[in-house]
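Here is the file my_file-v3.pdb (PDB, C-alpha atoms).
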ATOM      1  CA  ASN C 842      93.017  84.737  99.278  1.00  0.00           C
ATOM      2  CA  ASP C 843      92.068  88.163 100.571  1.00  0.00           C
ATOM      3  CA  PHE C 844      91.817  91.152  98.244  1.00  0.00           C
ATOM      4  CA  ASN C 845      92.049  94.666  99.708  1.00  0.00           C
ATOM      5  CA  ILE C 846      90.503  97.807  98.219  1.00  0.00           C
ATOM      6  CA  SER C 847      91.708 101.149  99.567  1.00  0.00           C
ATOM      7  CA  GLY C 848      91.837 104.789  98.559  1.00  0.00           C
ATOM      8  CA  HIS C 849      93.729 106.616 101.251  1.00  0.00           C
ATOM      9  CA  ILE C 850      97.143 107.120  99.634  1.00  0.00           C
ATOM     10  CA  HIS C 851      95.829 108.577  96.350  1.00  0.00           C
ATOM     11  CA  PRO C 852      98.216 106.885  93.891  1.00  0.00           C
ATOM     12  CA  ALA C 853      99.793 108.648  90.926  1.00  0.00           C
ATOM     13  CA  VAL C 854     102.190 107.798  88.133  1.00  0.00           C
ATOM     14  CA  ARG C 855     104.705 110.068  86.443  1.00  0.00           C
ATOM     15  CA  LEU C 856     104.733 109.980  82.649  1.00  0.00           C
ATOM     16  CA  SER C 857     107.925 111.210  80.980  1.00  0.00           C
ATOM     17  CA  GLY C 858     108.494 112.491  77.462  1.00  0.00           C
ATOM     18  CA  THR C 859     111.557 112.412  75.245  1.00  0.00           C
ATOM     19  CA  ALA C 860     112.530 116.028  75.990  1.00  0.00           C
ATOM     20  CA  ARG C 861     112.693 115.500  79.783  1.00  0.00           C
ATOM     21  CA  GLN C 862     109.169 116.843  80.312  1.00  0.00           C
ATOM     22  CA  SER C 863     106.923 114.953  82.695  1.00  0.00           C
ATOM     23  CA  VAL C 864     103.491 115.017  84.245  1.00  0.00           C
ATOM     24  CA  LYS C 865     102.103 113.294  87.321  1.00  0.00           C
ATOM     25  CA  ILE C 866      98.570 111.948  86.959  1.00  0.00           C
ATOM     26  CA  PRO C 867      96.249 110.118  89.347  1.00  0.00           C
ATOM     27  CA  CYS C 868      95.742 106.430  88.697  1.00  0.00           C
ATOM     28  CA  PHE C 869      94.033 103.232  89.693  1.00  0.00           C
ATOM     29  CA  HIS C 870      96.643 100.679  90.824  1.00  0.00           C
ATOM     30  CA  PHE C 871      95.848  96.961  90.865  1.00  0.00           C
ATOM     31  CA  SER C 872      98.226  94.314  92.199  1.00  0.00           C
ATOM     32  CA  SER C 873      97.571  90.622  92.768  1.00  0.00           C
ATOM     33  CA  ASN C 874      96.043  91.236  96.210  1.00  0.00           C
ATOM     34  CA  ALA C 875      94.993  94.903  96.289  1.00  0.00           C
ATOM     35  CA  ALA C 876      93.373  97.779  94.431  1.00  0.00           C
ATOM     36  CA  VAL C 877      94.169 101.389  95.306  1.00  0.00           C
ATOM     37  CA  LEU C 878      91.748 104.026  94.075  1.00  0.00           C
ATOM     38  CA  PRO C 879      92.735 107.579  93.056  1.00  0.00           C
ATOM     39  CA  ALA C 880      91.629 110.856  94.559  1.00  0.00           C
ATOM     40  CA  PHE C 881      89.474 113.132  92.457  1.00  0.00           C
ATOM     41  CA  GLY C 882      89.472 116.301  94.586  1.00  0.00           C
ATOM     42  CA  VAL C 883      91.733 119.286  93.950  1.00  0.00           C
ATOM     43  CA  PHE C 884      92.806 119.501  97.611  1.00  0.00           C
ATOM     44  CA  THR C 885      94.367 116.047  97.854  1.00  0.00           C
ATOM     45  CA  GLY C 886      97.964 115.173  97.120  1.00  0.00           C
ATOM     46  CA  PHE C 887      99.345 112.195  95.272  1.00  0.00           C
ATOM     47  CA  VAL C 888     101.844 109.491  96.158  1.00  0.00           C
ATOM     48  CA  ASN C 889     104.021 108.086  93.372  1.00  0.00           C
ATOM     49  CA  ILE C 890     103.495 104.360  93.303  1.00  0.00           C
ATOM     50  CA  LYS C 891     106.080 101.728  92.557  1.00  0.00           C
ATOM     51  CA  VAL C 892     104.750  99.597  89.735  1.00  0.00           C
ATOM     52  CA  VAL C 893     106.104  96.069  89.505  1.00  0.00           C
ATOM     53  CA  LYS C 894     105.729  93.499  86.754  1.00  0.00           C
ATOM     54  CA  GLY C 895     102.231  92.057  86.773  1.00  0.00           C
ATOM     55  CA  ASP C 896     100.556  95.184  88.176  1.00  0.00           C
ATOM     56  CA  GLU C 897      97.803  96.902  86.212  1.00  0.00           C
ATOM     57  CA  VAL C 898      97.737 100.709  86.219  1.00  0.00           C
ATOM     58  CA  PHE C 899      95.107 102.977  84.705  1.00  0.00           C
ATOM     59  CA  GLY C 900      96.146 106.650  84.517  1.00  0.00           C
ATOM     60  CA  LEU C 901      93.510 109.367  84.437  1.00  0.00           C
ATOM     61  CA  THR C 902      93.585 112.525  82.354  1.00  0.00           C
ATOM     62  CA  LYS C 903      90.797 115.033  81.957  1.00  0.00           C
ATOM     63  CA  ASN C 904      89.265 113.160  79.026  1.00  0.00           C
ATOM     64  CA  LYS C 905      90.864 109.704  78.919  1.00  0.00           C
ATOM     65  CA  VAL C 906      91.748 106.614  80.897  1.00  0.00           C
ATOM     66  CA  LEU C 907      95.202 105.285  79.910  1.00  0.00           C
ATOM     67  CA  HIS C 908      96.039 101.618  80.410  1.00  0.00           C
ATOM     68  CA  LEU C 909      99.679 101.547  81.572  1.00  0.00           C
ATOM     69  CA  THR C 910     101.674  98.381  82.269  1.00  0.00           C
ATOM     70  CA  ALA C 911     105.016  97.693  83.911  1.00  0.00           C
TER      71      ALA C 911
END

Any chance you could give the structure as C-alpha cells?
Amino acid sequence: NDFNISGHIHPAVRLSGTARQSVKIPCFHFSSNAAVLPAFGVFTGFVNIKVVKGDEVFGLTKNKVLHLTA
C-alpha cells in the first residue's frame, strides 16, 4: 500500500466552544493512506479538513499540540 505525504493544502480544524465562539488552528492530518502537514508561515491560508472516523488529527497552538479525534 502506498502512503502519501503532502503539505500543499495547509490543513486546519475549527474548534468550537459552548458560547458559539470558535478558532481555526493549523493541524497535522493523518488518514489511512496519507499525511498532510500544516503551514507555519503567517502568509499562508488554511483549508478546513473533513475529519472522518479513524483519522488522527493534531492541532497546533502557540504552546501546545492537541491530539484531536473524530

Go through C:Thr910, C:Asn889, C:Val898, C:His851 and flag the residue nearest Val864 (chain C), using all atoms listed in the file for the distances.
C:Asn889

At most 9 Å from (103.9, 107.7, 84.9), file frame, only C-alpha atoms: which residues, as a list in words?
Ala853, Val854, Arg855, Leu856, Ser857, Ser863, Val864, Lys865, Ile866, Asn889, Gly900 and Leu909 of chain C

Mind telling me what the PyMOL selection byres ((chain C and resi 846) around 9) catches here, as a PyMOL selection string?
chain C and resi 844-845+847-848+874-878

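With all atoms listed in the file as the atoms that count, the residue of C:Gln862, C:Pro852, C:Phe899, C:Asp843 with the shortest distance to Phe887 (chain C) is C:Pro852.
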
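Among the candidate residues C:His908, C:Lys894, C:Arg861, C:Pro867, the one lying nearest to Gly882 (chain C) is C:Pro867, with distances computed using only C-alpha atoms.
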
In Å and to one decimal, CA of Leu901 (chain C) is distant from CA of Cys868 (chain C) by 5.6 Å

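The space between CA of Pro879 (chain C) and CA of Ala860 (chain C) spans 27.5 Å.
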
Might I get the box with edges along x, y and z of the file that holds all atoms of region 879-894 of chain C listed there, padded by 5 Å on every side, given as centre and edge lengths in Å to one decimal, as lines of an AutoDock Vina configuration file?
center_x = 97.8
center_y = 106.5
center_z = 92.3
size_x = 26.6
size_y = 36.0
size_z = 21.1

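Pairwise distance (CA of Thr885 (chain C), CA of Ser873 (chain C)) equals 26.1 Å.
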